[in-house]
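Text of input_34.cif, listed as mmCIF, C-alpha atoms:
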data_entry
#
loop_
_atom_site.group_PDB
_atom_site.id
_atom_site.type_symbol
_atom_site.label_atom_id
_atom_site.label_comp_id
_atom_site.auth_asym_id
_atom_site.auth_seq_id
_atom_site.Cartn_x
_atom_site.Cartn_y
_atom_site.Cartn_z
ATOM 1 C CA MET W 1 -105.036 66.727 -51.615
ATOM 2 C CA PHE W 2 -107.930 64.599 -52.754
ATOM 3 C CA GLU W 3 -109.659 67.332 -54.699
ATOM 4 C CA LYS W 4 -107.301 66.068 -57.394
ATOM 5 C CA LEU W 5 -109.652 63.120 -57.906
ATOM 6 C CA THR W 6 -112.590 65.423 -58.572
ATOM 7 C CA ARG W 7 -110.458 67.430 -60.970
ATOM 8 C CA LEU W 8 -109.418 64.265 -62.802
ATOM 9 C CA ARG W 9 -112.977 63.070 -63.252
ATOM 10 C CA LYS W 10 -114.119 66.473 -64.433
ATOM 11 C CA LYS W 11 -111.318 66.792 -66.987
ATOM 12 C CA GLN W 12 -111.207 63.091 -68.040
ATOM 13 C CA PRO W 13 -107.622 63.382 -69.322
ATOM 14 C CA LEU W 14 -106.491 61.355 -72.318
ATOM 15 C CA VAL W 15 -103.688 59.025 -71.231
ATOM 16 C CA HIS W 16 -101.528 57.657 -74.047
ATOM 17 C CA ASN W 17 -100.182 54.250 -73.079
ATOM 18 C CA ILE W 18 -97.429 52.356 -74.861
ATOM 19 C CA THR W 19 -97.594 49.368 -72.582
ATOM 20 C CA ASN W 20 -97.138 45.613 -72.582
ATOM 21 C CA VAL W 21 -99.425 42.997 -74.087
ATOM 22 C CA VAL W 22 -100.113 41.344 -70.734
ATOM 23 C CA VAL W 23 -101.821 44.356 -69.152
ATOM 24 C CA THR W 24 -103.412 46.338 -71.975
ATOM 25 C CA ASN W 25 -107.039 45.454 -71.237
ATOM 26 C CA PHE W 26 -106.694 45.793 -67.463
ATOM 27 C CA THR W 27 -104.960 49.155 -67.840
ATOM 28 C CA ALA W 28 -107.659 50.528 -70.122
ATOM 29 C CA ASN W 29 -110.466 49.344 -67.851
ATOM 30 C CA GLY W 30 -108.722 50.698 -64.755
ATOM 31 C CA LEU W 31 -108.303 54.142 -66.285
ATOM 32 C CA TYR W 32 -111.929 54.168 -67.386
ATOM 33 C CA ALA W 33 -113.020 53.150 -63.878
ATOM 34 C CA LEU W 34 -111.032 55.983 -62.317
ATOM 35 C CA GLY W 35 -112.463 58.546 -64.730
ATOM 36 C CA ALA W 36 -109.666 59.014 -67.268
ATOM 37 C CA SER W 37 -109.692 58.254 -71.008
ATOM 38 C CA PRO W 38 -107.165 55.627 -72.123
ATOM 39 C CA VAL W 39 -105.673 55.250 -75.585
ATOM 40 C CA MET W 40 -103.257 52.524 -76.652
ATOM 41 C CA ALA W 41 -101.292 53.690 -79.687
ATOM 42 C CA TYR W 42 -98.097 51.914 -80.728
ATOM 43 C CA ALA W 43 -97.510 52.601 -84.429
ATOM 44 C CA LYS W 44 -94.542 54.844 -85.156
ATOM 45 C CA GLU W 45 -96.693 56.558 -87.795
ATOM 46 C CA GLU W 46 -99.011 58.034 -85.131
ATOM 47 C CA VAL W 47 -97.396 58.015 -81.679
ATOM 48 C CA ALA W 48 -95.911 61.522 -81.924
ATOM 49 C CA GLU W 49 -99.268 62.989 -82.897
ATOM 50 C CA MET W 50 -101.111 61.032 -80.210
ATOM 51 C CA ALA W 51 -98.635 62.120 -77.540
ATOM 52 C CA ARG W 52 -99.071 65.749 -78.549
ATOM 53 C CA ILE W 53 -102.815 65.711 -77.919
ATOM 54 C CA SER W 54 -102.688 63.642 -74.704
ATOM 55 C CA GLY W 55 -102.710 64.735 -71.089
ATOM 56 C CA ALA W 56 -99.936 62.264 -70.231
ATOM 57 C CA VAL W 57 -97.784 59.619 -71.912
ATOM 58 C CA VAL W 58 -96.995 56.356 -70.121
ATOM 59 C CA LEU W 59 -94.101 54.187 -71.359
ATOM 60 C CA ASN W 60 -94.045 50.596 -70.081
ATOM 61 C CA ILE W 61 -91.238 48.242 -71.134
ATOM 62 C CA GLY W 62 -92.919 45.005 -70.035
ATOM 63 C CA THR W 63 -92.850 43.260 -73.438
ATOM 64 C CA LEU W 64 -90.122 44.940 -75.431
ATOM 65 C CA THR W 65 -89.547 44.958 -79.180
ATOM 66 C CA LYS W 66 -87.241 47.229 -81.131
ATOM 67 C CA ASP W 67 -90.168 48.856 -82.928
ATOM 68 C CA GLN W 68 -91.903 49.509 -79.637
ATOM 69 C CA VAL W 69 -88.794 51.104 -78.154
ATOM 70 C CA ASP W 70 -88.479 53.338 -81.212
ATOM 71 C CA ALA W 71 -92.144 54.316 -80.824
ATOM 72 C CA MET W 72 -91.604 55.097 -77.137
ATOM 73 C CA LEU W 73 -88.732 57.436 -77.940
ATOM 74 C CA MET W 74 -90.793 59.203 -80.597
ATOM 75 C CA ALA W 75 -93.786 59.576 -78.281
ATOM 76 C CA GLY W 76 -91.654 60.747 -75.376
ATOM 77 C CA LYS W 77 -89.842 63.377 -77.412
ATOM 78 C CA SER W 78 -93.143 64.657 -78.808
ATOM 79 C CA ALA W 79 -94.543 64.853 -75.290
ATOM 80 C CA ASN W 80 -91.494 66.845 -74.194
ATOM 81 C CA ASP W 81 -91.921 69.241 -77.107
ATOM 82 C CA HIS W 82 -95.554 69.902 -76.146
ATOM 83 C CA GLY W 83 -95.294 70.040 -72.361
ATOM 84 C CA VAL W 84 -96.978 66.677 -71.766
ATOM 85 C CA PRO W 85 -95.828 64.732 -68.664
ATOM 86 C CA VAL W 86 -94.117 61.385 -69.277
ATOM 87 C CA VAL W 87 -94.259 58.387 -66.913
ATOM 88 C CA LEU W 88 -91.790 55.506 -67.275
ATOM 89 C CA ASP W 89 -92.449 52.033 -65.869
ATOM 90 C CA PRO W 90 -89.152 50.083 -66.171
ATOM 91 C CA VAL W 91 -90.763 46.646 -65.857
ATOM 92 C CA GLY W 92 -88.175 43.967 -65.104
ATOM 93 C CA ALA W 93 -85.151 46.256 -65.282
ATOM 94 C CA GLY W 94 -82.247 44.195 -64.025
ATOM 95 C CA ALA W 95 -83.584 40.917 -65.386
ATOM 96 C CA THR W 96 -81.738 41.293 -68.711
ATOM 97 C CA THR W 97 -79.156 43.691 -70.087
ATOM 98 C CA TYR W 98 -81.447 44.761 -72.943
ATOM 99 C CA ARG W 99 -84.305 45.574 -70.590
ATOM 100 C CA THR W 100 -82.107 47.536 -68.206
ATOM 101 C CA GLN W 101 -80.335 49.450 -70.954
ATOM 102 C CA THR W 102 -83.624 50.315 -72.642
ATOM 103 C CA ALA W 103 -84.915 51.947 -69.457
ATOM 104 C CA ILE W 104 -81.657 53.854 -69.041
ATOM 105 C CA SER W 105 -81.727 54.981 -72.686
ATOM 106 C CA ILE W 106 -85.266 56.318 -72.321
ATOM 107 C CA LEU W 107 -84.184 58.283 -69.250
ATOM 108 C CA GLU W 108 -81.197 59.667 -71.149
ATOM 109 C CA GLU W 109 -83.119 60.675 -74.270
ATOM 110 C CA ILE W 110 -86.437 61.808 -72.784
ATOM 111 C CA ASP W 111 -87.258 64.295 -70.048
ATOM 112 C CA VAL W 112 -89.212 61.842 -67.884
ATOM 113 C CA THR W 113 -91.532 63.382 -65.288
ATOM 114 C CA LEU W 114 -91.962 60.332 -63.066
ATOM 115 C CA VAL W 115 -90.516 56.825 -62.835
ATOM 116 C CA ARG W 116 -92.508 54.122 -61.030
ATOM 117 C CA GLY W 117 -91.146 50.707 -60.194
ATOM 118 C CA ASN W 118 -90.311 48.312 -57.407
ATOM 119 C CA ALA W 119 -87.066 48.519 -55.462
ATOM 120 C CA GLY W 120 -85.292 46.026 -57.700
ATOM 121 C CA GLU W 121 -86.170 47.843 -60.911
ATOM 122 C CA ILE W 122 -85.234 51.267 -59.572
ATOM 123 C CA SER W 123 -81.998 50.053 -58.009
ATOM 124 C CA ASN W 124 -80.845 48.478 -61.246
ATOM 125 C CA ILE W 125 -81.416 51.520 -63.436
ATOM 126 C CA ALA W 126 -79.821 53.671 -60.725
ATOM 127 C CA GLY W 127 -76.683 51.518 -60.790
ATOM 128 C CA GLU W 128 -77.209 49.712 -57.494
ATOM 129 C CA GLN W 129 -77.324 46.342 -59.310
ATOM 130 C CA ILE W 130 -79.547 44.488 -56.858
ATOM 131 C CA ARG W 131 -80.030 40.946 -58.117
ATOM 132 C CA MET W 132 -83.476 40.206 -59.559
ATOM 133 C CA LYS W 133 -85.329 37.007 -60.393
ATOM 134 C CA GLY W 134 -87.313 37.413 -63.620
ATOM 135 C CA VAL W 135 -89.363 40.601 -63.609
ATOM 136 C CA ASP W 136 -90.495 40.261 -59.993
ATOM 137 C CA GLY W 137 -88.239 42.200 -57.675
ATOM 138 C CA GLY W 138 -90.543 42.387 -54.676
ATOM 139 C CA ASP W 139 -88.390 40.388 -52.234
ATOM 140 C CA ILE W 140 -85.576 42.887 -51.906
ATOM 141 C CA GLU W 141 -84.327 44.390 -48.680
ATOM 142 C CA ALA W 142 -83.259 47.950 -49.301
ATOM 143 C CA ASN W 143 -83.598 51.362 -47.786
ATOM 144 C CA THR W 144 -86.263 52.452 -50.231
ATOM 145 C CA ILE W 145 -86.394 56.017 -48.937
ATOM 146 C CA GLU W 146 -82.690 56.512 -49.561
ATOM 147 C CA LEU W 147 -82.940 54.687 -52.890
ATOM 148 C CA ALA W 148 -85.858 56.820 -54.067
ATOM 149 C CA GLN W 149 -84.063 60.020 -53.124
ATOM 150 C CA LYS W 150 -80.833 58.934 -54.820
ATOM 151 C CA ALA W 151 -82.635 57.821 -57.981
ATOM 152 C CA ALA W 152 -84.668 61.029 -58.144
ATOM 153 C CA GLN W 153 -81.502 63.104 -57.989
ATOM 154 C CA LEU W 154 -79.796 60.923 -60.580
ATOM 155 C CA PHE W 155 -82.717 60.964 -63.026
ATOM 156 C CA GLU W 156 -83.757 64.553 -62.205
ATOM 157 C CA CYS W 157 -87.396 63.538 -61.850
ATOM 158 C CA THR W 158 -89.853 62.173 -59.307
ATOM 159 C CA VAL W 159 -89.432 58.511 -58.390
ATOM 160 C CA VAL W 160 -92.127 56.244 -56.961
ATOM 161 C CA ILE W 161 -90.989 52.962 -55.414
ATOM 162 C CA THR W 162 -93.875 50.645 -54.643
ATOM 163 C CA GLY W 163 -93.825 47.928 -52.032
ATOM 164 C CA GLU W 164 -95.257 47.253 -48.592
ATOM 165 C CA THR W 165 -94.632 50.952 -47.964
ATOM 166 C CA ASP W 166 -94.565 53.131 -51.053
ATOM 167 C CA VAL W 167 -92.029 55.957 -51.335
ATOM 168 C CA ILE W 168 -92.398 59.064 -53.499
ATOM 169 C CA SER W 169 -89.494 61.490 -53.850
ATOM 170 C CA ASP W 170 -88.110 64.183 -56.130
ATOM 171 C CA GLY W 171 -84.822 64.185 -54.226
ATOM 172 C CA MET W 172 -85.875 67.051 -51.966
ATOM 173 C CA GLU W 173 -89.451 66.331 -50.916
ATOM 174 C CA THR W 174 -90.277 62.766 -49.894
ATOM 175 C CA CYS W 175 -93.569 61.105 -48.954
ATOM 176 C CA THR W 176 -94.486 57.609 -47.854
ATOM 177 C CA VAL W 177 -97.818 55.843 -48.394
ATOM 178 C CA SER W 178 -98.975 52.778 -46.480
ATOM 179 C CA ASN W 179 -102.318 52.037 -48.139
ATOM 180 C CA GLY W 180 -102.821 48.831 -50.136
ATOM 181 C CA ASP W 181 -103.359 45.098 -49.747
ATOM 182 C CA PRO W 182 -101.274 41.964 -50.470
ATOM 183 C CA LEU W 183 -103.869 40.807 -53.010
ATOM 184 C CA LEU W 184 -102.455 43.455 -55.359
ATOM 185 C CA THR W 185 -99.440 41.183 -55.809
ATOM 186 C CA GLN W 186 -101.642 38.273 -56.942
ATOM 187 C CA VAL W 187 -103.098 40.028 -59.979
ATOM 188 C CA THR W 188 -100.826 40.738 -62.923
ATOM 189 C CA GLY W 189 -100.722 44.311 -64.102
ATOM 190 C CA THR W 190 -101.625 46.153 -60.904
ATOM 191 C CA GLY W 191 -98.269 47.933 -60.869
ATOM 192 C CA CYS W 192 -98.544 48.769 -64.557
ATOM 193 C CA LEU W 193 -102.042 50.163 -64.042
ATOM 194 C CA LEU W 194 -100.770 52.286 -61.165
ATOM 195 C CA SER W 195 -98.191 53.872 -63.468
ATOM 196 C CA SER W 196 -100.974 54.814 -65.885
ATOM 197 C CA VAL W 197 -103.159 56.078 -63.033
ATOM 198 C CA LEU W 198 -100.304 58.331 -61.933
ATOM 199 C CA GLY W 199 -100.112 59.612 -65.498
ATOM 200 C CA ALA W 200 -103.798 60.502 -65.303
ATOM 201 C CA PHE W 201 -103.289 62.436 -62.081
ATOM 202 C CA LEU W 202 -100.228 64.264 -63.432
ATOM 203 C CA ALA W 203 -102.312 65.321 -66.432
ATOM 204 C CA VAL W 204 -104.479 67.464 -64.150
ATOM 205 C CA ASP W 205 -102.059 68.651 -61.454
ATOM 206 C CA GLY W 206 -98.455 69.801 -61.682
ATOM 207 C CA ASP W 207 -97.582 69.371 -57.979
ATOM 208 C CA ILE W 208 -95.825 66.152 -58.872
ATOM 209 C CA VAL W 209 -94.757 64.648 -55.529
ATOM 210 C CA ARG W 210 -97.997 65.326 -53.683
ATOM 211 C CA THR W 211 -100.137 64.463 -56.687
ATOM 212 C CA ALA W 212 -98.317 61.156 -57.025
ATOM 213 C CA ALA W 213 -98.709 60.497 -53.300
ATOM 214 C CA ALA W 214 -102.440 61.153 -53.551
ATOM 215 C CA GLY W 215 -102.709 58.840 -56.560
ATOM 216 C CA VAL W 216 -100.773 56.036 -54.862
ATOM 217 C CA SER W 217 -102.853 56.367 -51.701
ATOM 218 C CA LEU W 218 -106.195 56.376 -53.513
ATOM 219 C CA TYR W 219 -105.087 53.337 -55.490
ATOM 220 C CA GLY W 220 -104.208 51.547 -52.268
ATOM 221 C CA ILE W 221 -107.492 52.552 -50.637
ATOM 222 C CA ALA W 222 -109.415 51.029 -53.543
ATOM 223 C CA ALA W 223 -107.388 47.831 -53.064
ATOM 224 C CA GLU W 224 -108.181 47.748 -49.349
ATOM 225 C CA LYS W 225 -111.897 48.180 -49.990
ATOM 226 C CA ALA W 226 -111.857 45.506 -52.704
ATOM 227 C CA ALA W 227 -109.937 43.060 -50.509
ATOM 228 C CA GLY W 228 -112.558 43.504 -47.821
ATOM 229 C CA LYS W 229 -115.051 41.852 -50.156
ATOM 230 C CA CYS W 230 -112.802 38.892 -51.048
ATOM 231 C CA ALA W 231 -111.182 35.898 -49.444
ATOM 232 C CA ARG W 232 -107.391 35.588 -49.556
ATOM 233 C CA ASN W 233 -107.670 32.948 -52.284
ATOM 234 C CA GLU W 234 -109.913 34.992 -54.609
ATOM 235 C CA PRO W 235 -107.593 37.043 -56.846
ATOM 236 C CA GLY W 236 -110.088 36.850 -59.711
ATOM 237 C CA ARG W 237 -112.850 38.345 -57.624
ATOM 238 C CA PHE W 238 -110.380 40.892 -56.241
ATOM 239 C CA GLN W 239 -109.550 42.101 -59.743
ATOM 240 C CA MET W 240 -113.228 42.687 -60.488
ATOM 241 C CA GLU W 241 -113.922 44.359 -57.147
ATOM 242 C CA PHE W 242 -110.791 46.486 -57.479
ATOM 243 C CA LEU W 243 -112.020 48.003 -60.743
ATOM 244 C CA ASN W 244 -115.377 48.648 -59.081
ATOM 245 C CA GLU W 245 -113.759 50.356 -56.098
ATOM 246 C CA LEU W 246 -111.626 52.569 -58.349
ATOM 247 C CA ALA W 247 -114.894 53.795 -59.836
ATOM 248 C CA LYS W 248 -116.446 54.311 -56.394
ATOM 249 C CA LEU W 249 -113.601 56.365 -54.906
ATOM 250 C CA THR W 250 -114.622 59.728 -53.482
ATOM 251 C CA GLU W 251 -112.890 62.532 -51.630
ATOM 252 C CA SER W 252 -114.409 61.169 -48.414
ATOM 253 C CA ASP W 253 -111.900 58.311 -48.660
ATOM 254 C CA LYS W 254 -109.155 60.709 -47.602
ATOM 255 C CA SER W 255 -110.004 59.811 -43.996
ATOM 256 C CA VAL W 256 -108.211 56.475 -44.430
ATOM 257 C CA ALA W 257 -105.290 57.811 -46.459
ATOM 258 C CA LYS W 258 -101.952 56.872 -44.928
ATOM 259 C CA ILE W 259 -99.704 59.538 -46.424
ATOM 260 C CA LYS W 260 -96.769 61.012 -44.552
ATOM 261 C CA GLN W 261 -94.178 63.572 -45.516
ATOM 262 C CA LEU W 262 -90.546 63.061 -44.565
ATOM 263 C CA THR W 263 -89.169 66.246 -43.041
ATOM 264 C CA GLU W 264 -85.554 67.362 -43.232
ATOM 265 C CA GLU W 265 -85.062 66.154 -39.659
ATOM 266 C CA GLY W 266 -86.028 62.651 -40.706
ATOM 267 C CA HIS W 267 -89.379 62.546 -38.930
ATOM 268 C CA HIS W 268 -92.676 61.849 -40.596
ATOM 269 C CA ASP W 269 -95.500 64.368 -40.522
ATOM 270 C CA ARG W 270 -98.945 63.642 -41.904
ATOM 271 C CA ILE W 271 -99.736 65.819 -44.924
#

When written as structure tokens, how does the structure in this file appear?
Amino acid sequence: MFEKLTRLRKKQPLVHNITNVVVTNFTANGLYALGASPVMAYAKEEVAEMARISGAVVLNIGTLTKDQVDAMLMAGKSANDHGVPVVLDPVGAGATTYRTQTAISILEEIDVTLVRGNAGEISNIAGEQIRMKGVDGGDIEANTIELAQKAAQLFECTVVITGETDVISDGMETCTVSNGDPLLTQVTGTGCLLSSVLGAFLAVDGDIVRTAAAGVSLYGIAAEKAAGKCARNEPGRFQMEFLNELAKLTESDKSVAKIKQLTEEGHHDRI
């Protein structure tokens, strides 16, 4: 699976991000570190053209404005017209009606390839209506495997739910990933960057579920390696080391990948 990383670095796909103001710099630097080429284009006058020439389009609703939503719809429809994969990050869905409805509208109007969010965000756009506090829905008890499968069937795309154990499902094939470190939750934008990283991987490989699982695992491995160089109270150092470890990832890191595939019988087999 991890030859996908070599392919990504060789191709250096252009990833078009319409993301939030909090994470723009971190997202760009993270994509550069991994080996992709980021572009942040928001103007309605250019987003359709930029989406057409990109390897993937990532739509992140973290800091919404009406103009930005309009630009997202234009970029997403252009991507659909030109066979470019679209990733949606429904940041904070469930926190407000506008935020939730925007995510649902994007899913209704655009053929989204992959949705990545936490359990609270995914449950709210899937109609489960789990209560959220602000945009942080990490403390939610839910059967994330069942939720991911249900959401994937509802949205007709691949769904990635991130948490202590990450779940990736297209409704038929399901994988879990257990790489990562708690320090990821102490740095803003790590989830948003992951969505863009998944866009980069999808730009070079069409096996969506397994490509997403590989991307999530590699991301978590980089976090584990970075955390090993930091104390628990050093999120600033972790952020720096995390970018460094994204750049240092190699296929040899597959030895510590914790990816499992859920079989029809409900057991987990290592991929």

List the residues matched by the PyMOL selection byres ((chain W and resi 174) around 8) in the displayed structure as a PDB file with C-alpha atoms, in the coordinates of the input, ordered by chain and then by residue number.
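Saved file expr-v5.pdb follows:
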ATOM      1  CA  ILE W 145     -86.394  56.017 -48.937  1.00  0.00           C
ATOM      2  CA  GLN W 149     -84.063  60.020 -53.124  1.00  0.00           C
ATOM      3  CA  VAL W 167     -92.029  55.957 -51.335  1.00  0.00           C
ATOM      4  CA  ILE W 168     -92.398  59.064 -53.499  1.00  0.00           C
ATOM      5  CA  SER W 169     -89.494  61.490 -53.850  1.00  0.00           C
ATOM      6  CA  ASP W 170     -88.110  64.183 -56.130  1.00  0.00           C
ATOM      7  CA  GLY W 171     -84.822  64.185 -54.226  1.00  0.00           C
ATOM      8  CA  MET W 172     -85.875  67.051 -51.966  1.00  0.00           C
ATOM      9  CA  GLU W 173     -89.451  66.331 -50.916  1.00  0.00           C
ATOM     10  CA  CYS W 175     -93.569  61.105 -48.954  1.00  0.00           C
ATOM     11  CA  THR W 176     -94.486  57.609 -47.854  1.00  0.00           C
ATOM     12  CA  VAL W 209     -94.757  64.648 -55.529  1.00  0.00           C
ATOM     13  CA  GLN W 261     -94.178  63.572 -45.516  1.00  0.00           C
ATOM     14  CA  LEU W 262     -90.546  63.061 -44.565  1.00  0.00           C
ATOM     15  CA  THR W 263     -89.169  66.246 -43.041  1.00  0.00           C
TER      16      THR W 263
END

Using only C-alpha atoms, which protein or nucleic acid residues come within 9 Å of Thr211 of chain W? Drop anything in the same chain fewer than 5 positions from it, and give the result as a ChimeraX atom specification.
/W:1-2,4,198,201-202,205-206,216

Going by the chain IDs and residue numbers used in this file, which residues fall under the PyMOL selection byres ((chain W and resi 101) around 12)? Write them as a PyMOL selection string.
chain W and resi 61+64+69+90-100+102-108+121+124-127

Pull the closest atom pair for each residue of segment 146-205 of chain W that gets at most 8 Å from segment 9-21 of chain W, along with the distance in Å to one decimal, counting only C-alpha atoms, ordering rows by chain and then ascending residue number, as a Markdown table.
| residue | atom | partner | partner_atom | distance |
| --- | --- | --- | --- | --- |
| W:Ser196 | CA | W:Asn17 | CA | 7.3 |
| W:Gly199 | CA | W:Val15 | CA | 6.8 |
| W:Ala200 | CA | W:Val15 | CA | 6.1 |
| W:Ala203 | CA | W:Pro13 | CA | 6.3 |
| W:Val204 | CA | W:Pro13 | CA | 7.3 |

Asn244 of chain W proximity check over W:Ser37, W:Lys229, W:Leu88, W:Ser217, using all atoms listed in the file: winner is W:Lys229

Between W:Lys248, W:Arg210, W:Lys150, W:His82, smallest distance to Lys260 of chain W by only C-alpha atoms belongs to W:Arg210

Near Leu34 of chain W, within 9 Å and counting all atoms listed in the file, which residues show up once chain neighbours fewer than 5 positions away are dropped, as a compact mmCIF listing (two decimals) with C-alpha atoms, in the frame of the given file?
# COMPACT_ATOMS: atom_id res chain seq x y z
CA LEU W 5 -109.65 63.12 -57.91
CA LEU W 8 -109.42 64.26 -62.80
CA ARG W 9 -112.98 63.07 -63.25
CA ASN W 29 -110.47 49.34 -67.85
CA VAL W 197 -103.16 56.08 -63.03
CA LEU W 243 -112.02 48.00 -60.74
CA GLU W 245 -113.76 50.36 -56.10
CA LEU W 246 -111.63 52.57 -58.35
CA ALA W 247 -114.89 53.80 -59.84
CA LYS W 248 -116.45 54.31 -56.39
CA LEU W 249 -113.60 56.36 -54.91

What residues come out when you apply the PyMOL selection byres ((chain W and resi 228) around 12) to this file, written as a PyMOL selection string?
chain W and resi 180-183+221-227+229-232+234+237-238+241-242+245

Using only C-alpha atoms for the distances, tell me which of W:Gly220, W:Gly62, W:Pro85, W:Gly120 is nearest to Leu194 of chain W.
W:Gly220

One decimal place gives the atom CA of Val159 of chain W-atom CA of Thr65 of chain W separation as 24.8 Å

What is the atom CA of Thr6 of chain W-atom CA of Ala214 of chain W distance in Å, reported with one decimal?
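Separating atom CA of Thr6 of chain W from atom CA of Ala214 of chain W is a distance of 12.1 Å.
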
Incomplete segment 81-97 of chain W brought to N, CA and C atoms, written out as a compact mmCIF listing (two decimals), in the frame of the given file:
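For reference, out.txt as written:
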# COMPACT_ATOMS: atom_id res chain seq x y z
N ASP W 81 -91.78 68.05 -76.27
CA ASP W 81 -91.92 69.24 -77.11
C ASP W 81 -93.22 70.00 -76.84
N HIS W 82 -94.24 69.28 -76.33
CA HIS W 82 -95.55 69.90 -76.15
C HIS W 82 -95.96 70.00 -74.68
N GLY W 83 -95.01 69.85 -73.78
CA GLY W 83 -95.29 70.04 -72.36
C GLY W 83 -96.18 68.98 -71.74
N VAL W 84 -96.15 67.77 -72.27
CA VAL W 84 -96.98 66.68 -71.77
C VAL W 84 -96.14 65.82 -70.82
N PRO W 85 -96.61 65.55 -69.59
CA PRO W 85 -95.83 64.73 -68.66
C PRO W 85 -95.64 63.31 -69.17
N VAL W 86 -94.48 62.74 -68.85
CA VAL W 86 -94.12 61.38 -69.28
C VAL W 86 -93.85 60.53 -68.05
N VAL W 87 -94.48 59.36 -67.98
CA VAL W 87 -94.26 58.39 -66.91
C VAL W 87 -93.56 57.17 -67.51
N LEU W 88 -92.51 56.71 -66.85
CA LEU W 88 -91.79 55.51 -67.28
C LEU W 88 -91.98 54.40 -66.24
N ASP W 89 -92.37 53.23 -66.71
CA ASP W 89 -92.45 52.03 -65.87
C ASP W 89 -91.40 51.05 -66.38
N PRO W 90 -90.26 50.93 -65.69
CA PRO W 90 -89.15 50.08 -66.17
C PRO W 90 -89.34 48.63 -65.76
N VAL W 91 -90.39 48.01 -66.27
CA VAL W 91 -90.76 46.65 -65.86
C VAL W 91 -89.59 45.67 -66.07
N GLY W 92 -89.19 45.00 -65.00
CA GLY W 92 -88.18 43.97 -65.10
C GLY W 92 -86.76 44.45 -65.31
N ALA W 93 -86.52 45.76 -65.14
CA ALA W 93 -85.15 46.26 -65.28
C ALA W 93 -84.25 45.50 -64.31
N GLY W 94 -83.14 45.01 -64.82
CA GLY W 94 -82.25 44.20 -64.03
C GLY W 94 -82.33 42.72 -64.37
N ALA W 95 -83.43 42.33 -65.01
CA ALA W 95 -83.58 40.92 -65.39
C ALA W 95 -82.71 40.56 -66.57
N THR W 96 -82.61 41.49 -67.55
CA THR W 96 -81.74 41.29 -68.71
C THR W 96 -81.03 42.60 -69.03
N THR W 97 -79.91 42.49 -69.72
CA THR W 97 -79.16 43.69 -70.09
C THR W 97 -79.97 44.58 -71.01
